[in-house]
Amino acid sequence: MNTEKNTEKWLSWVDELSCNDYVIIDDFLDTDTYLDVKTFFLSKLDYFAQAGIGALDKNMIQTEIRGDHTFWLNKERDTEIAPFWDVLDQAMYVFNRYCFLSLAGYEFHFANYPPGGYYKKHLDQFKNRNNRTISFIIYLNDNWQKGDGGELEIYTPDNKSFLVEPLAGRCVLFKSDVVPHAVLKSYKNRYSLTGWLLQKPQKLGQFLG
Ligand SMILES: O=C(O)CCC(=O)C(=O)O
Ligand SMILES: [Fe+2]
């Protein structure tokens with residue numbers, strides 16, 4: 001990995017994220033890393049579980065709010081996607097070094113929205129648990145086409161919104177506390193790798209939803 005070149009790229013993405021509260025990056029992963037992630041995703045599809053909402057005791061399954069199935073990842077266990085964890089470690093380094101954030105870790109899951117699945121407008125920070133700082137999504141839909149649905153709708157501060165197509169290799173980063181967003185109804189299986197860069201305390205996500 002050419003670290004210096006990657007740091008430069010990260011700095012420009014971070015710049016855009018600070019100005020707009022979000023940044024969209026196409027072809028975020030190199031081809032080999034994307035394939036590792038996608039292959040691992042497909043190998044785990046049988047183990048996905050219905051996702052919940054909220055934190056701690058409020059972690060209830062409410063399919064009228066979100067209809068995705070998730071599989072929580074673990075850096076130590078899931079070495080099949082080691083190059084992806086390396087990318088994340090570099091992101092953490094840049095955020096902490098240049099943005100004066102004190103990120104302590106991250107939590108990631110695979111998600112599948114089956115046909116009919118969606119996620120209503122929400123913020124990623126929970127009321128009683130506010131350590132999610134940067135939301136981080138990578139889409140894994142190799143043949144996504146208009147009409148397949150499942151676009152990410154991002155709301156701007158003036159309460160307008162725009163749609164982001166969940167195209168393979170596209171990455172979306174946004175500030176977890178200020179960017180309301182929704183997933184429109186998907187008409188096909190919609191695959192993603194979704195996570196959050198965290199301030200302390202970390203690694204509670206798999207218990208919390
Ligand atoms: O997959 C997406 O585009 C967004 C998912 C999301 O909002 C979430 O999991 O909190
Ligand atoms: Fe979200």
# chains A, B, ... in the order shown; residues from 1 in each chain; ligands from 1
call {"tool": "residues_around", "arguments": {"residues": "Tyr113 (chain A)", "least_positions_apart": "2", "cutoff": "10 Å", "atoms": "only C-alpha atoms", "output": "list in words"}}
result
Gln50, Arg66, Gly67, Asp68, His69, Thr70, Ala111, Pro115, Gly116, Gly117, Tyr118, Tyr119, Gly150, Val183, Lys185, Ser186, Tyr187, Lys188, Asn189, Arg190, Tyr191 and Ser192 of chain A
call {"tool": "residues_around", "arguments": {"residues": "region 156-167 of chain A", "least_positions_apart": "5", "cutoff": "6 Å", "atoms": "only C-alpha atoms", "output": "PyMOL selection string"}}
result
chain A and resi 139+141+151
call {"tool": "write_last_selection", "arguments": {"atoms": "C-alpha atoms", "output": "short mmCIF file (atom, residue, chain, number, x, y, z; two decimals), in the first residue's frame"}}
result
data_model
loop_
_atom_site.label_atom_id
_atom_site.label_comp_id
_atom_site.auth_asym_id
_atom_site.auth_seq_id
_atom_site.Cartn_x
_atom_site.Cartn_y
_atom_site.Cartn_z
CA TYR A 139 -22.14 -0.94 -1.45
CA ASN A 141 -24.35 -4.50 -5.62
CA GLU A 151 -31.24 4.26 -2.93
#
call {"tool": "atom_distance", "arguments": {"atom1": "CA of Arg77 (chain A)", "atom2": "CA of Arg132 (chain A)"}}
result
22.3 Å
call {"tool": "closest_residue", "arguments": {"among": "A:Gln125, A:Asp32, A:Leu101, A:Ala51", "to": "Ala82 (chain A)", "atoms": "only C-alpha atoms"}}
result
A:Asp32
call {"tool": "atom_distance", "arguments": {"atom1": "CA of Leu45 (chain A)", "atom2": "CA of Asp124 (chain A)"}}
result
23.9 Å
call {"tool": "closest_residue", "arguments": {"among": "A:Asp142, A:Asp177, A:Asp26, A:Glu64", "to": "Trp13 (chain A)", "atoms": "only C-alpha atoms"}}
result
A:Asp26
call {"tool": "atom_distance", "arguments": {"atom1": "CA of Thr39 (chain A)", "atom2": "CA of Phe110 (chain A)"}}
result
11.9 Å
call {"tool": "residues_around", "arguments": {"residues": "region 84-100 of chain A", "least_positions_apart": "2", "cutoff": "10 Å", "atoms": "only C-alpha atoms", "output": "PyMOL selection string"}}
result
chain A and resi 1+3+6-8+10-11+14-15+18+28-30+33-34+36-37+74-76+78-82+102-106+134+136+197-198
call {"tool": "write_last_selection", "arguments": {"atoms": "N, CA and C atoms", "output": "JSON list (two decimals), in the first residue's frame"}}
result
[["chain", "number", "residue", "atom", "x", "y", "z"],
["A", 1, "MET", "N", 0.85, -1.21, 0.00],
["A", 1, "MET", "CA", 0.00, 0.00, 0.00],
["A", 1, "MET", "C", 0.88, 1.25, 0.00],
["A", 3, "THR", "N", 1.23, 4.42, 1.31],
["A", 3, "THR", "CA", 0.57, 5.11, 2.42],
["A", 3, "THR", "C", 0.49, 6.61, 2.21],
["A", 6, "ASN", "N", -2.19, 7.44, -0.21],
["A", 6, "ASN", "CA", -3.50, 7.22, 0.39],
["A", 6, "ASN", "C", -3.84, 8.30, 1.41],
["A", 7, "THR", "N", -2.85, 8.76, 2.14],
["A", 7, "THR", "CA", -3.10, 9.83, 3.10],
["A", 7, "THR", "C", -3.59, 11.07, 2.37],
["A", 8, "GLU", "N", -2.97, 11.36, 1.23],
["A", 8, "GLU", "CA", -3.42, 12.51, 0.43],
["A", 8, "GLU", "C", -4.88, 12.38, 0.03],
["A", 10, "TRP", "N", -7.13, 10.56, 1.45],
["A", 10, "TRP", "CA", -7.97, 10.65, 2.65],
["A", 10, "TRP", "C", -8.17, 12.10, 3.07],
["A", 11, "LEU", "N", -7.11, 12.89, 2.93],
["A", 11, "LEU", "CA", -7.23, 14.29, 3.35],
["A", 11, "LEU", "C", -8.26, 15.02, 2.49],
["A", 14, "VAL", "N", -11.69, 13.84, 3.63],
["A", 14, "VAL", "CA", -12.00, 14.37, 4.96],
["A", 14, "VAL", "C", -12.39, 15.85, 4.86],
["A", 15, "ASP", "N", -11.72, 16.54, 3.95],
["A", 15, "ASP", "CA", -12.02, 17.95, 3.69],
["A", 15, "ASP", "C", -13.47, 18.12, 3.25],
["A", 18, "SER", "N", -15.86, 17.39, 6.04],
["A", 18, "SER", "CA", -16.00, 18.49, 7.02],
["A", 18, "SER", "C", -16.87, 19.61, 6.46],
["A", 28, "PHE", "N", -14.01, 2.86, -4.10],
["A", 28, "PHE", "CA", -13.29, 3.15, -2.87],
["A", 28, "PHE", "C", -12.22, 2.10, -2.57],
["A", 29, "LEU", "N", -12.56, 0.83, -2.78],
["A", 29, "LEU", "CA", -11.61, -0.24, -2.49],
["A", 29, "LEU", "C", -10.91, -0.66, -3.78],
["A", 30, "ASP", "N", -9.66, -1.11, -3.69],
["A", 30, "ASP", "CA", -9.04, -1.65, -4.91],
["A", 30, "ASP", "C", -9.74, -2.98, -5.24],
["A", 33, "THR", "N", -9.38, -6.10, -2.93],
["A", 33, "THR", "CA", -10.02, -5.94, -1.62],
["A", 33, "THR", "C", -11.54, -6.03, -1.76],
["A", 34, "TYR", "N", -12.06, -5.39, -2.82],
["A", 34, "TYR", "CA", -13.51, -5.46, -3.06],
["A", 34, "TYR", "C", -13.93, -6.93, -3.22],
["A", 36, "ASP", "N", -12.46, -9.65, -2.11],
["A", 36, "ASP", "CA", -12.36, -10.35, -0.81],
["A", 36, "ASP", "C", -13.61, -10.07, 0.03],
["A", 37, "VAL", "N", -14.00, -8.80, 0.05],
["A", 37, "VAL", "CA", -15.15, -8.40, 0.87],
["A", 37, "VAL", "C", -16.42, -9.04, 0.33],
["A", 74, "ASN", "N", -15.92, -8.95, 12.91],
["A", 74, "ASN", "CA", -14.98, -8.93, 14.01],
["A", 74, "ASN", "C", -13.57, -8.99, 13.42],
["A", 75, "LYS", "N", -12.80, -7.96, 13.69],
["A", 75, "LYS", "CA", -11.48, -7.84, 13.05],
["A", 75, "LYS", "C", -10.57, -9.04, 13.35],
["A", 76, "GLU", "N", -10.58, -9.50, 14.58],
["A", 76, "GLU", "CA", -9.68, -10.60, 14.96],
["A", 76, "GLU", "C", -10.11, -11.90, 14.27],
["A", 78, "ASP", "N", -12.32, -12.22, 11.55],
["A", 78, "ASP", "CA", -12.60, -12.19, 10.11],
["A", 78, "ASP", "C", -11.37, -11.75, 9.31],
["A", 79, "THR", "N", -10.34, -12.59, 9.37],
["A", 79, "THR", "CA", -9.08, -12.26, 8.70],
["A", 79, "THR", "C", -9.19, -12.37, 7.18],
["A", 80, "GLU", "N", -10.27, -12.98, 6.70],
["A", 80, "GLU", "CA", -10.48, -13.08, 5.24],
["A", 80, "GLU", "C", -10.53, -11.70, 4.61],
["A", 81, "ILE", "N", -10.91, -10.69, 5.40],
["A", 81, "ILE", "CA", -11.00, -9.33, 4.84],
["A", 81, "ILE", "C", -9.95, -8.41, 5.48],
["A", 82, "ALA", "N", -8.78, -9.00, 5.76],
["A", 82, "ALA", "CA", -7.69, -8.22, 6.38],
["A", 82, "ALA", "C", -7.38, -6.92, 5.64],
["A", 102, "SER", "N", -10.97, 11.99, 18.56],
["A", 102, "SER", "CA", -10.34, 10.89, 19.30],
["A", 102, "SER", "C", -11.18, 9.64, 19.13],
["A", 103, "LEU", "N", -10.99, 9.04, 17.96],
["A", 103, "LEU", "CA", -11.72, 7.81, 17.65],
["A", 103, "LEU", "C", -11.05, 6.65, 18.37],
["A", 104, "ALA", "N", -11.86, 5.79, 18.95],
["A", 104, "ALA", "CA", -11.31, 4.70, 19.75],
["A", 104, "ALA", "C", -11.46, 3.35, 19.05],
["A", 105, "GLY", "N", -12.23, 3.29, 17.99],
["A", 105, "GLY", "CA", -12.44, 2.00, 17.34],
["A", 105, "GLY", "C", -13.54, 2.11, 16.31],
["A", 106, "TYR", "N", -14.02, 0.95, 15.91],
["A", 106, "TYR", "CA", -15.10, 0.94, 14.92],
["A", 106, "TYR", "C", -15.91, -0.32, 15.08],
["A", 134, "ILE", "N", -18.62, 8.78, 12.75],
["A", 134, "ILE", "CA", -18.66, 8.81, 11.28],
["A", 134, "ILE", "C", -19.34, 7.52, 10.79],
["A", 136, "PHE", "N", -20.21, 4.91, 7.79],
["A", 136, "PHE", "CA", -19.29, 4.44, 6.74],
["A", 136, "PHE", "C", -19.99, 3.31, 6.00],
["A", 197, "LEU", "N", -17.29, 4.72, 12.78],
["A", 197, "LEU", "CA", -16.08, 5.02, 13.54],
["A", 197, "LEU", "C", -16.55, 5.58, 14.87],
["A", 198, "LEU", "N", -15.95, 5.08, 15.94],
["A", 198, "LEU", "CA", -16.51, 5.30, 17.27],
["A", 198, "LEU", "C", -15.59, 6.10, 18.18]]
call {"tool": "closest_atom_pairs", "arguments": {"of": "chain A", "to": "ligand 2", "cutoff": "8 Å", "atoms": "only C-alpha atoms and all ligand atoms", "output": "CSV"}}
result
residue,atom,partner,partner_atom_place_in_ligand_line,distance
A:Tyr119,CA,ligand 2,1 (Fe),7.8
A:His122,CA,ligand 2,1 (Fe),6.2
A:Leu123,CA,ligand 2,1 (Fe),6.0
A:Asp124,CA,ligand 2,1 (Fe),4.8
A:Ser135,CA,ligand 2,1 (Fe),7.5
A:Ser176,CA,ligand 2,1 (Fe),7.9
A:Pro180,CA,ligand 2,1 (Fe),7.8
A:His181,CA,ligand 2,1 (Fe),6.3
A:Ala182,CA,ligand 2,1 (Fe),6.8
call {"tool": "closest_residue", "arguments": {"among": "A:Leu42, A:Ile24, A:Thr31, A:Pro83", "to": "ligand 1", "atoms": "only C-alpha atoms and all ligand atoms"}}
result
A:Ile24
call {"tool": "select_by_dssp", "arguments": {"residues": "region 93-175 of chain A", "states": "helix (DSSP H, G or I)", "output": "PyMOL selection string"}}
result
chain A and resi 93-98
call {"tool": "select_by_dssp", "arguments": {"residues": "region 35-104 of chain A", "states": "strand (DSSP E or B)", "output": "PyMOL selection string"}}
result
chain A and resi 49-50+53+60+66+69-72
call {"tool": "decode", "arguments": {"residues": "region 51-186 of chain A", "atoms": "C-alpha atoms", "output": "PDB file, in the first residue's frame"}}
result
ATOM      1  CA  ALA A  51     -31.544  -6.140  12.552  1.00  0.00           C
ATOM      2  CA  GLY A  52     -32.880  -4.188  15.523  1.00  0.00           C
ATOM      3  CA  ILE A  53     -33.159  -0.491  16.290  1.00  0.00           C
ATOM      4  CA  GLY A  54     -32.056   1.625  19.231  1.00  0.00           C
ATOM      5  CA  ALA A  55     -29.622   0.910  22.006  1.00  0.00           C
ATOM      6  CA  LEU A  56     -29.490  -1.332  25.055  1.00  0.00           C
ATOM      7  CA  ASP A  57     -32.959  -2.242  26.297  1.00  0.00           C
ATOM      8  CA  LYS A  58     -34.489  -0.352  23.403  1.00  0.00           C
ATOM      9  CA  ASN A  59     -33.002  -2.736  20.879  1.00  0.00           C
ATOM     10  CA  MET A  60     -36.229  -3.976  19.388  1.00  0.00           C
ATOM     11  CA  ILE A  61     -36.876  -5.505  16.057  1.00  0.00           C
ATOM     12  CA  GLN A  62     -39.292  -3.233  14.235  1.00  0.00           C
ATOM     13  CA  THR A  63     -39.673  -4.269  10.662  1.00  0.00           C
ATOM     14  CA  GLU A  64     -41.837  -1.225   9.897  1.00  0.00           C
ATOM     15  CA  ILE A  65     -38.743   0.948  10.565  1.00  0.00           C
ATOM     16  CA  ARG A  66     -35.962  -1.172   9.109  1.00  0.00           C
ATOM     17  CA  GLY A  67     -36.061  -4.400   7.168  1.00  0.00           C
ATOM     18  CA  ASP A  68     -32.449  -5.379   6.726  1.00  0.00           C
ATOM     19  CA  HIS A  69     -30.597  -8.462   7.902  1.00  0.00           C
ATOM     20  CA  THR A  70     -27.129  -8.028   9.327  1.00  0.00           C
ATOM     21  CA  PHE A  71     -23.997  -9.961  10.142  1.00  0.00           C
ATOM     22  CA  TRP A  72     -21.616  -8.303  12.621  1.00  0.00           C
ATOM     23  CA  LEU A  73     -17.940  -8.415  11.748  1.00  0.00           C
ATOM     24  CA  ASN A  74     -14.979  -8.931  14.009  1.00  0.00           C
ATOM     25  CA  LYS A  75     -11.480  -7.839  13.051  1.00  0.00           C
ATOM     26  CA  GLU A  76      -9.682 -10.602  14.958  1.00  0.00           C
ATOM     27  CA  ARG A  77     -11.924 -13.371  13.662  1.00  0.00           C
ATOM     28  CA  ASP A  78     -12.597 -12.185  10.111  1.00  0.00           C
ATOM     29  CA  THR A  79      -9.078 -12.257   8.703  1.00  0.00           C
ATOM     30  CA  GLU A  80     -10.485 -13.079   5.238  1.00  0.00           C
ATOM     31  CA  ILE A  81     -11.004  -9.334   4.840  1.00  0.00           C
ATOM     32  CA  ALA A  82      -7.691  -8.219   6.380  1.00  0.00           C
ATOM     33  CA  PRO A  83      -7.029  -5.655   3.592  1.00  0.00           C
ATOM     34  CA  PHE A  84     -10.329  -3.980   4.445  1.00  0.00           C
ATOM     35  CA  TRP A  85      -9.337  -3.677   8.117  1.00  0.00           C
ATOM     36  CA  ASP A  86      -6.073  -2.093   6.943  1.00  0.00           C
ATOM     37  CA  VAL A  87      -8.032   0.540   5.011  1.00  0.00           C
ATOM     38  CA  LEU A  88     -10.034   1.294   8.137  1.00  0.00           C
ATOM     39  CA  ASP A  89      -6.949   1.604  10.286  1.00  0.00           C
ATOM     40  CA  GLN A  90      -5.589   4.145   7.861  1.00  0.00           C
ATOM     41  CA  ALA A  91      -8.871   6.080   7.951  1.00  0.00           C
ATOM     42  CA  MET A  92      -8.754   6.125  11.753  1.00  0.00           C
ATOM     43  CA  TYR A  93      -5.187   7.363  11.660  1.00  0.00           C
ATOM     44  CA  VAL A  94      -6.069  10.265   9.366  1.00  0.00           C
ATOM     45  CA  PHE A  95      -9.152  11.278  11.335  1.00  0.00           C
ATOM     46  CA  ASN A  96      -7.277  11.254  14.618  1.00  0.00           C
ATOM     47  CA  ARG A  97      -4.135  12.902  13.302  1.00  0.00           C
ATOM     48  CA  TYR A  98      -5.667  15.616  11.113  1.00  0.00           C
ATOM     49  CA  CYS A  99      -9.197  16.143  12.398  1.00  0.00           C
ATOM     50  CA  PHE A 100      -8.404  16.106  16.081  1.00  0.00           C
ATOM     51  CA  LEU A 101     -11.032  13.460  16.636  1.00  0.00           C
ATOM     52  CA  SER A 102     -10.340  10.887  19.304  1.00  0.00           C
ATOM     53  CA  LEU A 103     -11.720   7.813  17.654  1.00  0.00           C
ATOM     54  CA  ALA A 104     -11.309   4.699  19.747  1.00  0.00           C
ATOM     55  CA  GLY A 105     -12.443   2.000  17.340  1.00  0.00           C
ATOM     56  CA  TYR A 106     -15.097   0.945  14.923  1.00  0.00           C
ATOM     57  CA  GLU A 107     -17.929  -1.513  14.457  1.00  0.00           C
ATOM     58  CA  PHE A 108     -19.034  -2.939  11.130  1.00  0.00           C
ATOM     59  CA  HIS A 109     -21.669  -5.270   9.821  1.00  0.00           C
ATOM     60  CA  PHE A 110     -22.743  -6.677   6.517  1.00  0.00           C
ATOM     61  CA  ALA A 111     -26.320  -5.826   5.593  1.00  0.00           C
ATOM     62  CA  ASN A 112     -28.804  -7.285   3.176  1.00  0.00           C
ATOM     63  CA  TYR A 113     -32.111  -5.574   2.436  1.00  0.00           C
ATOM     64  CA  PRO A 114     -34.265  -8.300   0.900  1.00  0.00           C
ATOM     65  CA  PRO A 115     -36.923  -7.288  -1.663  1.00  0.00           C
ATOM     66  CA  GLY A 116     -39.371  -4.937   0.093  1.00  0.00           C
ATOM     67  CA  GLY A 117     -36.734  -3.912   2.683  1.00  0.00           C
ATOM     68  CA  TYR A 118     -36.125  -0.264   3.584  1.00  0.00           C
ATOM     69  CA  TYR A 119     -34.978   1.883   6.516  1.00  0.00           C
ATOM     70  CA  LYS A 120     -36.999   4.956   7.465  1.00  0.00           C
ATOM     71  CA  LYS A 121     -35.425   8.394   7.949  1.00  0.00           C
ATOM     72  CA  HIS A 122     -33.153   8.354  11.006  1.00  0.00           C
ATOM     73  CA  LEU A 123     -29.903   9.546  12.566  1.00  0.00           C
ATOM     74  CA  ASP A 124     -27.221   6.990  13.412  1.00  0.00           C
ATOM     75  CA  GLN A 125     -26.537   8.370  16.865  1.00  0.00           C
ATOM     76  CA  PHE A 126     -28.843   6.900  19.459  1.00  0.00           C
ATOM     77  CA  LYS A 127     -30.237   9.082  22.214  1.00  0.00           C
ATOM     78  CA  ASN A 128     -28.689   7.040  25.003  1.00  0.00           C
ATOM     79  CA  ARG A 129     -25.520   6.096  23.177  1.00  0.00           C
ATOM     80  CA  ASN A 130     -23.774   8.798  21.212  1.00  0.00           C
ATOM     81  CA  ASN A 131     -20.375   7.353  20.331  1.00  0.00           C
ATOM     82  CA  ARG A 132     -21.053   6.776  16.644  1.00  0.00           C
ATOM     83  CA  THR A 133     -19.110   9.587  14.976  1.00  0.00           C
ATOM     84  CA  ILE A 134     -18.657   8.807  11.279  1.00  0.00           C
ATOM     85  CA  SER A 135     -21.034   6.523   9.373  1.00  0.00           C
ATOM     86  CA  PHE A 136     -19.286   4.442   6.737  1.00  0.00           C
ATOM     87  CA  ILE A 137     -21.081   2.476   4.010  1.00  0.00           C
ATOM     88  CA  ILE A 138     -19.697   0.511   1.079  1.00  0.00           C
ATOM     89  CA  TYR A 139     -22.139  -0.939  -1.447  1.00  0.00           C
ATOM     90  CA  LEU A 140     -21.667  -4.414  -2.895  1.00  0.00           C
ATOM     91  CA  ASN A 141     -24.350  -4.504  -5.621  1.00  0.00           C
ATOM     92  CA  ASP A 142     -22.542  -5.532  -8.760  1.00  0.00           C
ATOM     93  CA  ASN A 143     -25.487  -5.296 -11.116  1.00  0.00           C
ATOM     94  CA  TRP A 144     -27.536  -2.506  -9.574  1.00  0.00           C
ATOM     95  CA  GLN A 145     -29.779  -0.768 -12.105  1.00  0.00           C
ATOM     96  CA  LYS A 146     -32.308   2.056 -12.008  1.00  0.00           C
ATOM     97  CA  GLY A 147     -35.597   0.570 -10.851  1.00  0.00           C
ATOM     98  CA  ASP A 148     -33.916  -1.829  -8.405  1.00  0.00           C
ATOM     99  CA  GLY A 149     -34.600   0.681  -5.590  1.00  0.00           C
ATOM    100  CA  GLY A 150     -32.674   0.788  -2.320  1.00  0.00           C
ATOM    101  CA  GLU A 151     -31.235   4.257  -2.928  1.00  0.00           C
ATOM    102  CA  LEU A 152     -29.817   6.027   0.094  1.00  0.00           C
ATOM    103  CA  GLU A 153     -31.690   9.286   0.655  1.00  0.00           C
ATOM    104  CA  ILE A 154     -29.563  11.945   2.344  1.00  0.00           C
ATOM    105  CA  TYR A 155     -31.209  15.013   3.893  1.00  0.00           C
ATOM    106  CA  THR A 156     -29.451  18.361   3.860  1.00  0.00           C
ATOM    107  CA  PRO A 157     -29.822  21.013   6.612  1.00  0.00           C
ATOM    108  CA  ASP A 158     -32.515  22.846   4.603  1.00  0.00           C
ATOM    109  CA  ASN A 159     -34.503  19.580   4.726  1.00  0.00           C
ATOM    110  CA  LYS A 160     -34.096  18.951   1.019  1.00  0.00           C
ATOM    111  CA  SER A 161     -32.789  15.561   0.046  1.00  0.00           C
ATOM    112  CA  PHE A 162     -31.009  13.725  -2.735  1.00  0.00           C
ATOM    113  CA  LEU A 163     -30.564  10.083  -3.672  1.00  0.00           C
ATOM    114  CA  VAL A 164     -27.391   8.017  -3.778  1.00  0.00           C
ATOM    115  CA  GLU A 165     -27.480   4.857  -5.899  1.00  0.00           C
ATOM    116  CA  PRO A 166     -26.044   1.847  -4.037  1.00  0.00           C
ATOM    117  CA  LEU A 167     -23.514   1.035  -6.763  1.00  0.00           C
ATOM    118  CA  ALA A 168     -20.811  -1.586  -6.334  1.00  0.00           C
ATOM    119  CA  GLY A 169     -17.664  -0.150  -4.776  1.00  0.00           C
ATOM    120  CA  ARG A 170     -19.261   3.170  -3.879  1.00  0.00           C
ATOM    121  CA  CYS A 171     -18.503   4.422  -0.389  1.00  0.00           C
ATOM    122  CA  VAL A 172     -20.522   7.010   1.529  1.00  0.00           C
ATOM    123  CA  LEU A 173     -19.216   8.686   4.670  1.00  0.00           C
ATOM    124  CA  PHE A 174     -21.241  11.094   6.754  1.00  0.00           C
ATOM    125  CA  LYS A 175     -21.343  12.618  10.207  1.00  0.00           C
ATOM    126  CA  SER A 176     -23.451  10.284  12.306  1.00  0.00           C
ATOM    127  CA  ASP A 177     -24.933  12.965  14.550  1.00  0.00           C
ATOM    128  CA  VAL A 178     -26.185  15.475  11.983  1.00  0.00           C
ATOM    129  CA  VAL A 179     -27.131  13.742   8.723  1.00  0.00           C
ATOM    130  CA  PRO A 180     -30.648  12.289   8.600  1.00  0.00           C
ATOM    131  CA  HIS A 181     -30.940   9.569   5.987  1.00  0.00           C
ATOM    132  CA  ALA A 182     -33.166   6.739   4.828  1.00  0.00           C
ATOM    133  CA  VAL A 183     -32.941   3.672   2.628  1.00  0.00           C
ATOM    134  CA  LEU A 184     -35.706   3.603   0.019  1.00  0.00           C
ATOM    135  CA  LYS A 185     -37.552   0.387  -0.584  1.00  0.00           C
ATOM    136  CA  SER A 186     -35.386  -2.122  -2.373  1.00  0.00           C
TER     137      SER A 186
END
